[in-house]
Amino acid sequence: MKKRLFAIIAMPVIMIAIMAFCLDTTNKKSRLITAKKDSIASVTAFKQVYTVLTSARCMNCHPSGDVPLQGDDNHLHKMLPQRGKDGRGIYAMKCANCHQPTNTPGLRMPPGNPNWHLPPADMKMVFQGRTPRQLAKQLIDPNQNGHKDTKKLIAHADDGLVLAGWNPGEGRTLPPMSHAAFKKAWLTWLNTGAYAPAK
Amino acid sequence: MITLNINKRTYNIDADPETPLLWVLRDHVGLVGTKFGCGVAQCGACVVHLDGEAVRSCVTKLRRAQGKKVVTIEGLSEKNDHPLQKAWLELDVSQCGYCQAGQIMSAAVLLNENKNPTDQDINYAMAGNICRCGTYLRIREAIHLAAELQGKEISGK
């Protein structure tokens, strides 16, 4: 009888202790990634990030449809090249058929990069038309961001195709801030909790 | 010196690696079937195959072609009997003919990847090839015919 009573009292205590331990472990893990959560600093940084991601150099390859965009007015790419399954175009209209490994010299000639592509058809990673809140939440969701965790998101700031936005070729507007300033804002946003703005 | 494989032949090219492939094909090798149209990758007259892809040779530098297989309109078939060439003749597609080498080379990539293309597939594939004579409807019809001919060749009929 005493043993049964002990079991009835002790079991919930043990269960709570185990749960508390698990929660504590989770917190420790998140602390490794997030130095110090600060929703105000995070949202402020994201507003800067948003101006870059929705600038022509970034958004033109993150369209809401299956045709990339061109120009500062984000018009549909002439010739209407299609995204294709892997984001690299289809048939005789693959990105690399015109976009060379480097920028082609001359005013508004095809910009180049060895990895020129759109996001793939099964994860379009759309920037066009997204509100700051929608985009922030999308960017930290591995099911919508190309399966990237925080570490990969941080590394993505120095991705070759991201950097190409600051080397767009003659006659194209640069993103609204330097890559260094963008990276600082990007890291601040992520390291202070990756909070999404209210709207 | 850069070694190129063009239409299954080897060429040693003494030119700046930055030279457009189109210049090399026309001026160094003498293969003038590929045409200069716009020089800015907008018209498709200069399309050749680079490892099977329909690149625009006016903006493709010689260095990119090194170690790869280049095929021009002259090398598309042994006896000018590619299904597309047969279909082009059958339907008398060309008018002035200037863009047609590029059109055929682009269409060849389409048929290589899609044996039975729809009108929409053809529109998507050929949207980067401009024809100032406006032969687009005949081009589309010829691609359908070529797909049929290709199908018969594959099935041995």
# chains A, B, ... in the order shown; residues from 1 in each chain; ligands from 1
>>> interface_residues(of="chain A", to="chain B", cutoff="9 Å", atoms="only C-alpha atoms", output="list of chain:residue names")
A:Lys78, A:Met79, A:Leu80, A:Pro81, A:Gln82, A:Ile90, A:Tyr91, A:Ala92, A:Met93, A:Lys94, A:Ala96, A:Asn97, A:Cys98, A:His99, A:Gln100, A:Pro101, A:Thr104, A:Met109, A:Pro110
>>> residues_around(residues="Asp14 (chain B)", least_positions_apart="2", cutoff="7 Å", atoms="only C-alpha atoms", output="ChimeraX atom specification")
/B:1-2,12
>>> select_by_dssp(residues="chain B", states="alpha helix (DSSP H)", output="PyMOL selection string")
chain B and resi 21-23+62-65+83-90+100-113+119-126+136-155
>>> atom_distance(atom1="CA of Pro111 (chain A)", atom2="CA of Thr173 (chain A)")
12.5 Å
>>> select_by_dssp(residues="region 55-185 of chain A", states="strand (DSSP E or B)", output="ChimeraX atom specification")
/A:69-70,75-76,89-90,93-94
>>> residues_around(residues="region 87-89 of chain B", least_positions_apart="5", cutoff="7 Å", atoms="only C-alpha atoms", output="ChimeraX atom specification")
/B:142,145-146
>>> residues_around(residues="region 23-28 of chain B", least_positions_apart="5", cutoff="9 Å", atoms="only C-alpha atoms", output="short mmCIF file (atom, residue, chain, number, x, y, z; two decimals) with N, CA and C atoms, in the first residue's frame")
data_model
loop_
_atom_site.label_atom_id
_atom_site.label_comp_id
_atom_site.auth_asym_id
_atom_site.auth_seq_id
_atom_site.Cartn_x
_atom_site.Cartn_y
_atom_site.Cartn_z
N ILE B 6 34.63 21.18 -82.46
CA ILE B 6 33.48 21.75 -83.17
C ILE B 6 33.01 20.74 -84.21
N ILE B 13 42.74 27.03 -81.73
CA ILE B 13 42.39 28.42 -82.01
C ILE B 13 43.39 29.38 -81.34
N ASP B 14 43.99 30.21 -82.14
CA ASP B 14 44.92 31.21 -81.61
C ASP B 14 44.17 32.54 -81.49
N ALA B 15 43.47 32.69 -80.40
CA ALA B 15 42.67 33.91 -80.18
C ALA B 15 42.56 34.19 -78.69
N GLY B 33 27.56 29.50 -91.12
CA GLY B 33 26.12 29.22 -91.03
C GLY B 33 25.49 29.90 -89.83
N THR B 34 26.26 30.05 -88.76
CA THR B 34 25.77 30.73 -87.56
C THR B 34 25.85 32.23 -87.79
N LYS B 35 24.78 32.93 -87.52
CA LYS B 35 24.68 34.34 -87.90
C LYS B 35 24.83 35.30 -86.72
N PHE B 36 25.36 36.49 -87.04
CA PHE B 36 25.37 37.59 -86.09
C PHE B 36 24.07 38.36 -86.26
N SER B 57 26.07 32.36 -79.01
CA SER B 57 27.52 32.43 -79.20
C SER B 57 28.05 33.85 -79.25
N CYS B 58 27.16 34.85 -79.41
CA CYS B 58 27.65 36.23 -79.46
C CYS B 58 28.12 36.71 -78.10
N LEU B 62 35.11 32.47 -75.79
CA LEU B 62 35.88 31.31 -76.25
C LEU B 62 36.29 30.43 -75.07
N THR B 72 27.44 23.36 -84.47
CA THR B 72 26.82 24.46 -85.21
C THR B 72 25.80 23.87 -86.18
#
>>> closest_residue(among="A:Gln128, A:Gly87, A:Leu174, A:Asn115", to="Asp159 (chain A)", atoms="only C-alpha atoms")
A:Asn115
